[in-house]
Structures are given as structure tokens and as C-alpha cells.
file data_21.csv (CSV, C-alpha atoms)
chain,number,residue,atom,x,y,z
A,1,MET,CA,0.0,0.0,0.0
A,2,PRO,CA,1.4,3.5,-0.9
A,3,VAL,CA,2.4,5.6,2.0
A,4,ARG,CA,0.9,9.0,2.7
A,5,ARG,CA,2.8,12.0,1.2
A,6,GLU,CA,1.8,15.1,3.1
A,7,ILE,CA,3.1,18.7,2.8
A,8,ILE,CA,4.4,20.1,6.1
A,9,ASN,CA,3.8,23.9,6.7
A,10,PRO,CA,5.0,25.8,9.8
A,11,LYS,CA,2.3,27.0,12.2
A,12,ASN,CA,3.9,30.4,12.0
A,13,ASP,CA,3.1,31.6,8.5
A,14,ARG,CA,6.1,34.0,8.5
A,15,LEU,CA,8.4,31.0,8.4
A,16,ASN,CA,6.8,29.7,5.3
A,17,VAL,CA,9.8,30.6,3.1
A,18,SER,CA,8.5,28.6,0.2
A,19,ARG,CA,5.4,30.8,-0.1
A,20,ASN,CA,6.8,34.1,1.1
A,21,PHE,CA,9.8,34.1,-1.2
A,22,ASN,CA,8.0,32.3,-4.0
A,23,ILE,CA,10.4,29.4,-4.1
A,24,PRO,CA,9.3,26.2,-5.8
A,25,HIS,CA,9.7,23.9,-2.8
A,26,SER,CA,7.6,22.9,0.2
A,27,PRO,CA,8.9,23.7,3.7
A,28,GLY,CA,8.7,20.0,4.4
A,29,VAL,CA,7.2,16.7,3.2
A,30,ARG,CA,6.2,13.8,5.3
A,31,ALA,CA,6.5,10.4,3.6
A,32,GLY,CA,5.4,7.5,5.7
A,33,ASP,CA,7.4,7.6,8.9
A,34,PHE,CA,9.9,10.2,7.7
A,35,ILE,CA,9.8,14.0,7.5
A,36,TYR,CA,12.1,15.8,5.1
A,37,LEU,CA,12.6,19.5,5.6
A,38,SER,CA,13.9,21.8,2.8
A,39,GLY,CA,17.2,23.6,3.4
A,40,MET,CA,16.5,26.3,6.0
A,41,VAL,CA,18.2,29.6,6.2
A,42,SER,CA,18.1,32.3,8.9
A,43,ILE,CA,14.6,33.9,8.9
A,44,ASN,CA,13.3,36.2,11.6
A,45,PRO,CA,10.1,34.5,12.8
A,46,GLU,CA,8.5,37.9,13.7
A,47,THR,CA,9.0,39.6,10.3
A,48,GLY,CA,9.6,36.8,7.9
A,49,GLU,CA,12.7,38.6,6.6
A,50,ARG,CA,16.1,37.1,6.1
A,51,SER,CA,18.2,37.6,9.3
A,52,LEU,CA,21.8,37.8,8.3
A,53,GLY,CA,24.5,37.8,10.9
A,54,THR,CA,27.3,35.8,12.3
A,55,VAL,CA,27.5,32.1,11.8
A,56,ALA,CA,26.5,31.7,15.5
A,57,HIS,CA,23.5,34.0,15.0
A,58,GLU,CA,22.3,32.3,11.8
A,59,THR,CA,22.8,28.8,13.2
A,60,ARG,CA,20.7,29.7,16.3
A,61,GLN,CA,17.9,31.2,14.3
A,62,ILE,CA,17.8,28.3,11.9
A,63,LEU,CA,17.7,25.6,14.6
A,64,SER,CA,15.1,27.5,16.6
A,65,ASN,CA,12.9,27.7,13.4
A,66,MET,CA,13.7,24.1,12.7
A,67,ALA,CA,12.3,23.1,16.1
A,68,HIS,CA,9.1,25.1,15.2
A,69,MET,CA,8.9,23.3,11.8
A,70,LEU,CA,9.2,19.9,13.4
A,71,GLU,CA,6.7,20.7,16.1
A,72,SER,CA,4.3,21.9,13.4
A,73,ALA,CA,4.6,18.4,11.9
A,74,GLY,CA,4.1,16.6,15.3
A,75,SER,CA,7.7,15.7,15.6
A,76,SER,CA,10.6,17.3,17.5
A,77,MET,CA,14.4,17.9,17.5
A,78,GLU,CA,14.8,14.7,19.5
A,79,ARG,CA,13.4,12.8,16.5
A,80,VAL,CA,15.9,14.1,14.0
A,81,VAL,CA,18.0,11.4,12.4
A,82,LYS,CA,20.1,13.2,9.8
A,83,ILE,CA,21.3,16.8,9.4
A,84,ASN,CA,23.2,18.4,6.5
A,85,VAL,CA,24.9,21.6,7.3
A,86,LEU,CA,26.0,23.9,4.5
A,87,LEU,CA,28.4,26.6,5.5
A,88,TYR,CA,29.8,29.4,3.4
A,89,SER,CA,33.3,28.6,4.8
A,90,MET,CA,34.6,25.6,6.7
A,91,LEU,CA,36.8,28.1,8.6
A,92,GLU,CA,33.7,28.8,10.7
A,93,PHE,CA,33.0,25.1,11.5
A,94,ASP,CA,33.7,25.7,15.2
A,95,ASN,CA,31.5,28.7,15.4
A,96,MET,CA,28.6,26.7,14.0
A,97,ASN,CA,29.3,23.7,16.4
A,98,ALA,CA,29.3,26.0,19.5
A,99,VAL,CA,25.7,26.9,18.9
A,100,TYR,CA,24.6,23.7,17.3
A,101,ARG,CA,25.5,21.5,20.3
A,102,GLN,CA,23.1,23.6,22.5
A,103,PHE,CA,20.2,22.4,20.4
A,104,PHE,CA,21.2,18.7,20.5
A,105,PRO,CA,22.6,18.2,24.0
A,106,LYS,CA,22.1,14.4,24.0
A,107,ASP,CA,22.3,11.7,21.3
A,108,PRO,CA,22.6,14.2,18.5
A,109,PRO,CA,21.5,13.2,14.9
A,110,THR,CA,24.0,12.0,12.3
A,111,ARG,CA,25.4,15.0,10.4
A,112,THR,CA,27.4,15.9,7.4
A,113,THR,CA,28.9,19.4,7.1
A,114,CYS,CA,30.4,21.0,4.0
A,115,GLY,CA,31.5,24.4,2.7
A,116,VAL,CA,29.6,25.7,-0.3
A,117,GLN,CA,28.5,29.0,-1.9
A,118,LEU,CA,25.1,30.1,-0.5
A,119,SER,CA,22.8,32.7,-2.0
A,120,GLY,CA,21.8,36.1,-0.6
A,121,GLY,CA,24.9,36.6,1.5
A,122,LEU,CA,23.7,33.9,3.9
A,123,LYS,CA,26.3,32.0,5.8
A,124,VAL,CA,24.4,28.9,6.9
A,125,GLU,CA,21.8,26.5,5.5
A,126,ILE,CA,20.6,23.4,7.3
A,127,GLU,CA,18.4,20.6,6.1
A,128,CYS,CA,17.1,17.6,8.0
A,129,ILE,CA,15.4,14.3,8.0
A,130,ALA,CA,13.4,13.4,11.1
A,131,LEU,CA,11.1,10.6,12.3
A,132,ALA,CA,7.4,11.5,12.5
A,133,GLY,CA,5.7,11.4,15.9
B,1,MET,CA,3.3,3.7,16.3
B,2,PRO,CA,6.3,6.0,15.9
B,3,LEU,CA,9.5,4.3,14.7
B,4,ALA,CA,12.4,3.9,17.1
B,5,ARG,CA,15.5,6.0,16.6
B,6,ILE,CA,18.4,3.7,17.4
B,7,LEU,CA,22.0,5.0,17.9
B,8,VAL,CA,24.7,2.8,16.4
B,9,PRO,CA,27.8,2.9,18.5
B,10,PRO,CA,31.1,3.8,16.8
B,11,PRO,CA,32.8,0.6,15.6
B,12,ALA,CA,36.3,1.9,16.6
B,13,PRO,CA,37.4,4.7,19.0
B,14,GLY,CA,39.0,6.6,16.1
B,15,LEU,CA,35.7,6.8,14.3
B,16,ASP,CA,33.9,8.5,17.3
B,17,MET,CA,34.0,12.0,15.9
B,18,ALA,CA,32.2,13.3,19.0
B,19,ALA,CA,34.9,12.0,21.3
B,20,GLN,CA,37.9,12.6,19.0
B,21,TYR,CA,37.0,16.0,17.7
B,22,GLY,CA,34.2,17.2,19.9
B,23,TRP,CA,31.7,17.3,17.0
B,24,PRO,CA,28.1,17.1,18.2
B,25,GLN,CA,27.0,14.2,16.0
B,26,SER,CA,26.3,10.5,16.3
B,27,THR,CA,28.2,8.0,14.1
B,28,ALA,CA,25.1,6.4,12.7
B,29,ILE,CA,21.4,6.1,13.5
B,30,ARG,CA,19.0,3.4,12.5
B,31,ALA,CA,15.5,4.5,11.8
B,32,GLY,CA,13.1,2.0,10.5
B,33,ASP,CA,14.5,0.2,7.5
B,34,LEU,CA,17.3,2.8,7.0
B,35,VAL,CA,20.7,3.5,8.4
B,36,PHE,CA,21.9,7.1,8.3
B,37,VAL,CA,25.6,7.7,8.6
B,38,SER,CA,27.4,10.9,9.5
B,39,GLY,CA,29.9,12.2,6.9
B,40,VAL,CA,32.7,9.6,6.9
B,41,LEU,CA,36.3,11.0,6.8
B,42,PRO,CA,39.7,9.4,6.2
B,43,VAL,CA,40.8,9.1,9.8
B,44,ASP,CA,42.7,6.2,11.5
B,45,PRO,CA,40.0,4.0,13.0
B,46,ALA,CA,42.3,3.1,15.9
B,47,THR,CA,43.5,6.6,16.9
B,48,GLY,CA,41.3,9.2,15.1
B,49,GLU,CA,44.4,10.6,13.5
B,50,ARG,CA,43.8,12.4,10.2
B,51,MET,CA,45.1,10.3,7.3
B,52,GLN,CA,45.6,13.0,4.8
B,53,GLY,CA,47.1,12.0,1.5
B,54,THR,CA,46.1,11.9,-2.1
B,55,LEU,CA,42.4,11.7,-3.1
B,56,THR,CA,43.1,8.0,-3.9
B,57,THR,CA,44.5,7.1,-0.5
B,58,GLU,CA,41.9,9.2,1.3
B,59,ALA,CA,39.1,7.5,-0.6
B,60,HIS,CA,40.3,4.1,0.3
B,61,ARG,CA,40.5,5.0,4.0
B,62,ALA,CA,37.0,6.7,3.9
B,63,PHE,CA,35.4,3.6,2.3
B,64,GLN,CA,37.1,1.3,4.7
B,65,ASN,CA,35.8,3.4,7.6
B,66,LEU,CA,32.3,3.5,6.0
B,67,LYS,CA,32.4,-0.3,5.8
B,68,LEU,CA,33.2,-0.5,9.5
B,69,VAL,CA,30.3,1.9,10.4
B,70,LEU,CA,27.8,0.0,8.3
B,71,GLU,CA,28.9,-3.3,9.7
B,72,ALA,CA,28.4,-1.9,13.2
B,73,ALA,CA,24.9,-1.1,12.2
B,74,GLY,CA,24.4,-4.6,10.9
B,75,THR,CA,24.5,-3.7,7.3
B,76,SER,CA,27.2,-3.5,4.6
B,77,LEU,CA,28.5,-1.6,1.6
B,78,ASP,CA,26.4,-3.7,-0.8
B,79,ARG,CA,23.3,-2.5,1.1
B,80,LEU,CA,24.0,1.2,0.4
B,81,VAL,CA,21.0,3.1,-1.0
B,82,HIS,CA,22.4,6.5,-1.6
B,83,VAL,CA,25.8,8.2,-1.3
B,84,ARG,CA,26.8,11.8,-1.6
B,85,ALA,CA,30.5,11.7,-2.3
B,86,MET,CA,32.0,15.0,-1.5
B,87,ILE,CA,35.4,15.8,-3.0
B,88,TYR,CA,37.5,19.0,-2.6
B,89,ASP,CA,38.0,19.5,-6.4
B,90,ARG,CA,36.1,18.3,-9.4
B,91,ILE,CA,39.4,17.7,-11.2
B,92,GLU,CA,39.7,14.5,-9.1
B,93,TYR,CA,36.4,13.1,-10.3
B,94,ASP,CA,38.0,10.2,-12.2
B,95,ALA,CA,40.4,9.5,-9.3
B,96,LEU,CA,37.3,9.1,-7.1
B,97,ASN,CA,35.6,6.8,-9.5
B,98,ARG,CA,38.5,4.5,-9.8
B,99,VAL,CA,38.5,3.8,-6.1
B,100,TYR,CA,34.7,4.0,-5.7
B,101,ARG,CA,34.0,1.2,-8.1
B,102,GLN,CA,36.2,-1.2,-6.2
B,103,TYR,CA,34.0,-0.9,-3.1
B,104,VAL,CA,30.6,-1.1,-4.8
B,105,PRO,CA,31.3,-3.4,-7.8
B,106,GLU,CA,27.8,-4.8,-8.2
B,107,GLY,CA,24.6,-2.6,-8.4
B,108,PRO,CA,26.2,0.5,-6.9
B,109,PRO,CA,24.0,2.9,-4.8
B,110,ALA,CA,22.4,6.0,-6.2
B,111,ARG,CA,25.1,8.8,-6.0
B,112,THR,CA,25.7,12.4,-6.3
B,113,VAL,CA,29.2,13.9,-6.3
B,114,TRP,CA,29.6,17.4,-4.7
B,115,SER,CA,32.7,19.5,-5.0
B,116,VAL,CA,32.8,21.3,-1.7
B,117,GLN,CA,35.1,22.5,1.1
B,118,ILE,CA,35.6,19.7,3.6
B,119,ALA,CA,36.6,20.1,7.3
B,120,ASP,CA,40.3,20.0,8.2
B,121,ALA,CA,41.4,20.1,4.5
B,122,PHE,CA,40.3,16.5,3.9
B,123,LYS,CA,39.9,15.7,0.2
B,124,ILE,CA,36.9,13.4,0.6
B,125,GLN,CA,33.8,12.8,2.7
B,126,LEU,CA,31.2,10.1,2.2
B,127,ASP,CA,27.6,10.8,3.3
B,128,ALA,CA,25.6,7.7,3.1
B,129,VAL,CA,22.2,6.0,3.7
B,130,ALA,CA,22.0,2.2,3.7
B,131,ALA,CA,19.2,-0.3,3.9
B,132,ALA,CA,19.2,-1.9,7.4
call {"tool": "encode", "arguments": {"input": "data_21.csv", "output": "C-alpha cells"}}
result
Amino acid sequence: MPVRREIINPKNDRLNVSRNFNIPHSPGVRAGDFIYLSGMVSINPETGERSLGTVAHETRQILSNMAHMLESAGSSMERVVKINVLLYSMLEFDNMNAVYRQFFPKDPPTRTTCGVQLSGGLKVEIECIALAG
Amino acid sequence: MPLARILVPPPAPGLDMAAQYGWPQSTAIRAGDLVFVSGVLPVDPATGERMQGTLTTEAHRAFQNLKLVLEAAGTSLDRLVHVRAMIYDRIEYDALNRVYRQYVPEGPPARTVWSVQIADAFKIQLDAVAAA
């Protein structure tokens, strides 16, 4: 039997980057027991605007929004199994880790980090796969 | 009923990147029918020492480490579903493939090659999902 494929939207509309920036992706998709989130960048949850700053700032804002996204889908940060971190420069790896570990204090997800060019002057982008429920 | 999220212990002390390098990540996690693996790097599985070399030597080490991690999760290289092979420079694409095909000779997994910056000036990193 085919599994259910369901679009995940954040409860806070201002974090719906797909719609607000007219990008052809969904914020997240649930397929069976898994939730896939689109790559998230730093967005101010009160204004919906991009919130550029240091790697520490952007990482904190993204992971805080990610928690909201997952909670909107009935999941949570504790249920994340895989993270991909895209950084504008691997020289800032430690600056990202310092904030990152605060969001995953115990049994963190698997993770792969790499340095790539990002759009809009942003420094960090994070995507994730989480278990539903 | 929600699926269990099962941590796979590192198969060797050198492959425990949390302990060796303080990186906040688990080595591998089993979730349902899939095993997710953190980016595998060419480190010495016994000591965690960085085994930097040519793309070719690094790729061999990374694949041998990936094999260890997958076996710790009860699976193997021939159960790989998807690999994102990250290399530091596209110019080494053929060098990567020459090593790569030795480790997945039959029915290789789906794959994407990314040219990116990798931590600590490594030349390769393997990001993998396998069937449990």
C-alpha cells in the first residue's frame, strides 16, 4: 500500500519561506514515517525577513525555526536522524558547532557538514530528516 | 506507532568524531529500514588521526571506515542506497571513481558527487544512507 505523502507547513506563516519568497519547494514533506525539511536559512520569525548575521546567529535562528517546523509536523528535535549543514566557509565550523550543540545536547543526529556557496549573503543553511511522531 | 531511533555505537574509537574532535554528531542512526551515517572521513580508526594523502589514499580510507560503520549497524557496503560523495575539487572526479567502483562493484548505490570544502582540509567525505 502506498504511504501517505503530506506537505508540512510551519504553524507560524512568516516562516513559510516557500510561499513568502515564492520558491518552488515545500517547507517540508512527510512520507510514511519520515519528515524531510527543505534547506533552512536564517529567517526572523516575527518579520519573515532574512536575518543575516554571524554564523553563530544564523545557526541559532535556523535551529530555533527548525524546532518550530518539526513541532508543526508533530515531531521534534529529539526525533531528527540526519542533518546536513552547508556553511559558506569551513573556517567557521567551530562557530557553528558551538551553537549547534546547544540544540542537540544528548544523542545528536547524524550529520554531514560541508562548505559551499550560499545565496543572498547567507552563511548557513541546514536541512534535516526526522522521524514522524 | 512511531518508529524507534536507534543509535549505532562507533565501531572503533577513532571513528567516534564526538569523542575525537568534539563534533556534536552521532556516528550512525538506524531509523526503520534505513541507516543514516554521519559524513565519513579518512581518519585512522584506531586513533582518530587524520590520514591525509592523495584523493586516492583518502578515498580508500574513507570507504574502509564507512564499511566499519555500516557493519556496526548490521548492514554493509552492498546495502548502500544513496551516497553523496564529497570531494574537494572536481578535477579528481576520475580518481574518485577509480576507487569508488572497487567498493561497490555490483549494483552500486544512487550517488551524487559534490565539489565542496571539507573540514580540516580533507579531500573526501562520504555521506551515506543504507538499507538496514
call {"tool": "closest_atom_pairs", "arguments": {"input": "data_21.csv", "of": "chain A", "to": "chain B", "cutoff": "10 Å", "atoms": "all atoms listed in the file", "output": "JSON lines"}}
result
{"residue": "A:Asp33", "atom": "CA", "partner": "B:Leu3", "partner_atom": "CA", "distance": 7.0}
{"residue": "A:Phe34", "atom": "CA", "partner": "B:Ala31", "partner_atom": "CA", "distance": 9.0}
{"residue": "A:Ser75", "atom": "CA", "partner": "B:Pro2", "partner_atom": "CA", "distance": 9.8}
{"residue": "A:Glu78", "atom": "CA", "partner": "B:Arg5", "partner_atom": "CA", "distance": 9.2}
{"residue": "A:Arg79", "atom": "CA", "partner": "B:Arg5", "partner_atom": "CA", "distance": 7.1}
{"residue": "A:Val80", "atom": "CA", "partner": "B:Arg5", "partner_atom": "CA", "distance": 8.5}
{"residue": "A:Val81", "atom": "CA", "partner": "B:Ile29", "partner_atom": "CA", "distance": 6.4}
{"residue": "A:Lys82", "atom": "CA", "partner": "B:Phe36", "partner_atom": "CA", "distance": 6.5}
{"residue": "A:Ile83", "atom": "CA", "partner": "B:Ser38", "partner_atom": "CA", "distance": 8.5}
{"residue": "A:Asn84", "atom": "CA", "partner": "B:Ser38", "partner_atom": "CA", "distance": 9.1}
{"residue": "A:Leu86", "atom": "CA", "partner": "B:Val116", "partner_atom": "CA", "distance": 9.6}
{"residue": "A:Leu87", "atom": "CA", "partner": "B:Gln117", "partner_atom": "CA", "distance": 9.0}
{"residue": "A:Tyr88", "atom": "CA", "partner": "B:Gln117", "partner_atom": "CA", "distance": 9.0}
{"residue": "A:Ser89", "atom": "CA", "partner": "B:Gln117", "partner_atom": "CA", "distance": 7.4}
{"residue": "A:Met90", "atom": "CA", "partner": "B:Ala119", "partner_atom": "CA", "distance": 5.9}
{"residue": "A:Leu91", "atom": "CA", "partner": "B:Ala119", "partner_atom": "CA", "distance": 8.1}
{"residue": "A:Glu92", "atom": "CA", "partner": "B:Ala119", "partner_atom": "CA", "distance": 9.8}
{"residue": "A:Phe93", "atom": "CA", "partner": "B:Ala119", "partner_atom": "CA", "distance": 7.5}
{"residue": "A:Asp94", "atom": "CA", "partner": "B:Trp23", "partner_atom": "CA", "distance": 8.8}
{"residue": "A:Asn97", "atom": "CA", "partner": "B:Trp23", "partner_atom": "CA", "distance": 6.9}
{"residue": "A:Ala98", "atom": "CA", "partner": "B:Pro24", "partner_atom": "CA", "distance": 9.1}
{"residue": "A:Tyr100", "atom": "CA", "partner": "B:Pro24", "partner_atom": "CA", "distance": 7.5}
{"residue": "A:Arg101", "atom": "CA", "partner": "B:Pro24", "partner_atom": "CA", "distance": 5.5}
{"residue": "A:Gln102", "atom": "CA", "partner": "B:Pro24", "partner_atom": "CA", "distance": 9.3}
{"residue": "A:Phe103", "atom": "CA", "partner": "B:Pro24", "partner_atom": "CA", "distance": 9.8}
{"residue": "A:Phe104", "atom": "CA", "partner": "B:Pro24", "partner_atom": "CA", "distance": 7.4}
{"residue": "A:Pro105", "atom": "CA", "partner": "B:Pro24", "partner_atom": "CA", "distance": 8.1}
{"residue": "A:Lys106", "atom": "CA", "partner": "B:Pro24", "partner_atom": "CA", "distance": 8.8}
{"residue": "A:Asp107", "atom": "CA", "partner": "B:Ser26", "partner_atom": "CA", "distance": 6.5}
{"residue": "A:Pro108", "atom": "CA", "partner": "B:Gln25", "partner_atom": "CA", "distance": 5.1}
{"residue": "A:Pro109", "atom": "CA", "partner": "B:Ser26", "partner_atom": "CA", "distance": 5.7}
{"residue": "A:Thr110", "atom": "CA", "partner": "B:Ser38", "partner_atom": "CA", "distance": 4.5}
{"residue": "A:Arg111", "atom": "CA", "partner": "B:Ser38", "partner_atom": "CA", "distance": 4.6}
{"residue": "A:Thr112", "atom": "CA", "partner": "B:Gly39", "partner_atom": "CA", "distance": 4.5}
{"residue": "A:Thr113", "atom": "CA", "partner": "B:Gly39", "partner_atom": "CA", "distance": 7.3}
{"residue": "A:Cys114", "atom": "CA", "partner": "B:Ile118", "partner_atom": "CA", "distance": 5.4}
{"residue": "A:Gly115", "atom": "CA", "partner": "B:Gln117", "partner_atom": "CA", "distance": 4.4}
{"residue": "A:Val116", "atom": "CA", "partner": "B:Val116", "partner_atom": "CA", "distance": 5.6}
{"residue": "A:Gln117", "atom": "CA", "partner": "B:Val116", "partner_atom": "CA", "distance": 8.8}
{"residue": "A:Ile129", "atom": "CA", "partner": "B:Phe36", "partner_atom": "CA", "distance": 9.7}
{"residue": "A:Ala130", "atom": "CA", "partner": "B:Ala31", "partner_atom": "CA", "distance": 9.2}
{"residue": "A:Leu131", "atom": "CA", "partner": "B:Leu3", "partner_atom": "CA", "distance": 6.9}
{"residue": "A:Ala132", "atom": "CA", "partner": "B:Pro2", "partner_atom": "CA", "distance": 6.6}
{"residue": "A:Gly133", "atom": "CA", "partner": "B:Pro2", "partner_atom": "CA", "distance": 5.4}
call {"tool": "closest_residue", "arguments": {"input": "data_21.csv", "among": "A:Ala31, A:Val99, A:Ile126, A:Ile8", "to": "Glu71 (chain A)", "atoms": "all atoms listed in the file"}}
result
A:Ile8
call {"tool": "atom_distance", "arguments": {"input": "data_21.csv", "atom1": "CA of Ser76 (chain B)", "atom2": "CA of Arg90 (chain B)"}}
result
27.4 Å
call {"tool": "atom_distance", "arguments": {"input": "data_21.csv", "atom1": "CA of Val8 (chain B)", "atom2": "CA of Glu71 (chain B)"}}
result
10.0 Å
call {"tool": "atom_distance", "arguments": {"input": "data_21.csv", "atom1": "CA of Ser18 (chain A)", "atom2": "CA of Met77 (chain A)"}}
result
21.2 Å
call {"tool": "closest_residue", "arguments": {"input": "data_21.csv", "among": "B:Ala131, B:Val81, B:Val69, B:Leu55", "to": "Asn97 (chain B)", "atoms": "all atoms listed in the file"}}
result
B:Leu55
call {"tool": "residues_near_point", "arguments": {"input": "data_21.csv", "point": "(30.7, -0.1, -3.4)", "cutoff": "12 Å", "atoms": "all atoms listed in the file", "output": "NGL selection string"}}
result
:B and (59-60 or 62-64 or 66-67 or 76-83 or 85 or 96-111 or 126 or 128 or 130)
call {"tool": "decode", "arguments": {"input": "data_21.csv", "residues": "region 102-112 of chain A", "atoms": "all heavy atoms", "output": "CSV table (one decimal), in the first residue's frame"}}
result
chain,number,residue,atom,x,y,z
A,102,GLN,N,24.1,23.2,21.5
A,102,GLN,CA,23.1,23.6,22.5
A,102,GLN,C,21.7,23.0,22.1
A,102,GLN,O,20.9,22.8,23.0
A,102,GLN,CB,23.0,25.1,22.6
A,102,GLN,CG,24.3,25.7,23.1
A,102,GLN,CD,24.3,27.2,22.9
A,102,GLN,OE1,23.3,27.9,22.8
A,102,GLN,NE2,25.5,27.8,22.8
A,103,PHE,N,21.5,22.8,20.8
A,103,PHE,CA,20.2,22.4,20.4
A,103,PHE,C,20.1,20.8,20.4
A,103,PHE,O,19.0,20.3,20.4
A,103,PHE,CB,19.9,22.9,19.0
A,103,PHE,CG,19.5,24.3,18.9
A,103,PHE,CD1,20.5,25.3,18.9
A,103,PHE,CD2,18.2,24.7,19.0
A,103,PHE,CE1,20.2,26.6,18.9
A,103,PHE,CE2,17.9,26.1,18.9
A,103,PHE,CZ,18.9,27.1,18.9
A,104,PHE,N,21.2,20.2,20.5
A,104,PHE,CA,21.2,18.7,20.5
A,104,PHE,C,22.1,18.2,21.6
A,104,PHE,O,23.2,17.7,21.4
A,104,PHE,CB,21.7,18.1,19.2
A,104,PHE,CG,20.8,18.5,18.0
A,104,PHE,CD1,21.2,19.5,17.1
A,104,PHE,CD2,19.6,17.9,17.8
A,104,PHE,CE1,20.4,19.8,16.0
A,104,PHE,CE2,18.8,18.2,16.7
A,104,PHE,CZ,19.2,19.2,15.8
A,105,PRO,N,21.7,18.5,22.9
A,105,PRO,CA,22.6,18.2,24.0
A,105,PRO,C,22.9,16.7,24.2
A,105,PRO,O,23.9,16.3,24.8
A,105,PRO,CB,21.9,18.8,25.2
A,105,PRO,CG,20.5,18.9,24.8
A,105,PRO,CD,20.5,19.1,23.3
A,106,LYS,N,21.9,15.8,23.8
A,106,LYS,CA,22.1,14.4,24.0
A,106,LYS,C,21.7,13.6,22.8
A,106,LYS,O,20.8,13.9,22.1
A,106,LYS,CB,21.1,14.0,25.2
A,106,LYS,CG,21.3,12.6,25.7
A,106,LYS,CD,20.5,12.4,27.0
A,106,LYS,CE,20.5,11.0,27.4
A,106,LYS,NZ,19.7,10.1,26.6
A,107,ASP,N,22.5,12.5,22.5
A,107,ASP,CA,22.3,11.7,21.3
A,107,ASP,C,22.0,12.5,20.1
A,107,ASP,O,20.9,12.4,19.5
A,107,ASP,CB,21.1,10.7,21.6
A,107,ASP,CG,21.4,9.8,22.8
A,107,ASP,OD1,22.6,9.6,23.1
A,107,ASP,OD2,20.5,9.2,23.3
A,108,PRO,N,22.9,13.3,19.6
A,108,PRO,CA,22.6,14.2,18.5
A,108,PRO,C,22.4,13.3,17.2
A,108,PRO,O,22.8,12.2,17.1
A,108,PRO,CB,23.9,15.0,18.3
A,108,PRO,CG,25.0,14.2,19.0
A,108,PRO,CD,24.3,13.5,20.1
A,109,PRO,N,21.8,13.9,16.2
A,109,PRO,CA,21.5,13.2,14.9
A,109,PRO,C,22.9,13.0,14.2
A,109,PRO,O,23.9,13.6,14.6
A,109,PRO,CB,20.7,14.2,14.1
A,109,PRO,CG,20.4,15.4,15.0
A,109,PRO,CD,21.2,15.3,16.2
A,110,THR,N,22.8,12.1,13.2
A,110,THR,CA,24.0,12.0,12.3
A,110,THR,C,24.0,13.3,11.5
A,110,THR,O,23.0,14.0,11.4
A,110,THR,CB,23.9,10.8,11.4
A,110,THR,OG1,22.7,11.0,10.6
A,110,THR,CG2,23.8,9.5,12.1
A,111,ARG,N,25.2,13.6,11.1
A,111,ARG,CA,25.4,15.0,10.4
A,111,ARG,C,26.5,14.9,9.4
A,111,ARG,O,27.5,14.3,9.7
A,111,ARG,CB,25.6,16.0,11.5
A,111,ARG,CG,25.6,17.4,11.0
A,111,ARG,CD,26.0,18.4,12.1
A,111,ARG,NE,27.4,18.2,12.5
A,111,ARG,CZ,28.1,19.1,13.2
A,111,ARG,NH1,27.5,20.1,13.8
A,111,ARG,NH2,29.4,18.9,13.5
A,112,THR,N,26.3,15.7,8.4
A,112,THR,CA,27.4,15.9,7.4
A,112,THR,C,27.5,17.4,7.2
A,112,THR,O,26.5,18.1,7.0
A,112,THR,CB,27.2,15.2,6.1
A,112,THR,OG1,27.0,13.8,6.4
A,112,THR,CG2,28.3,15.4,5.1
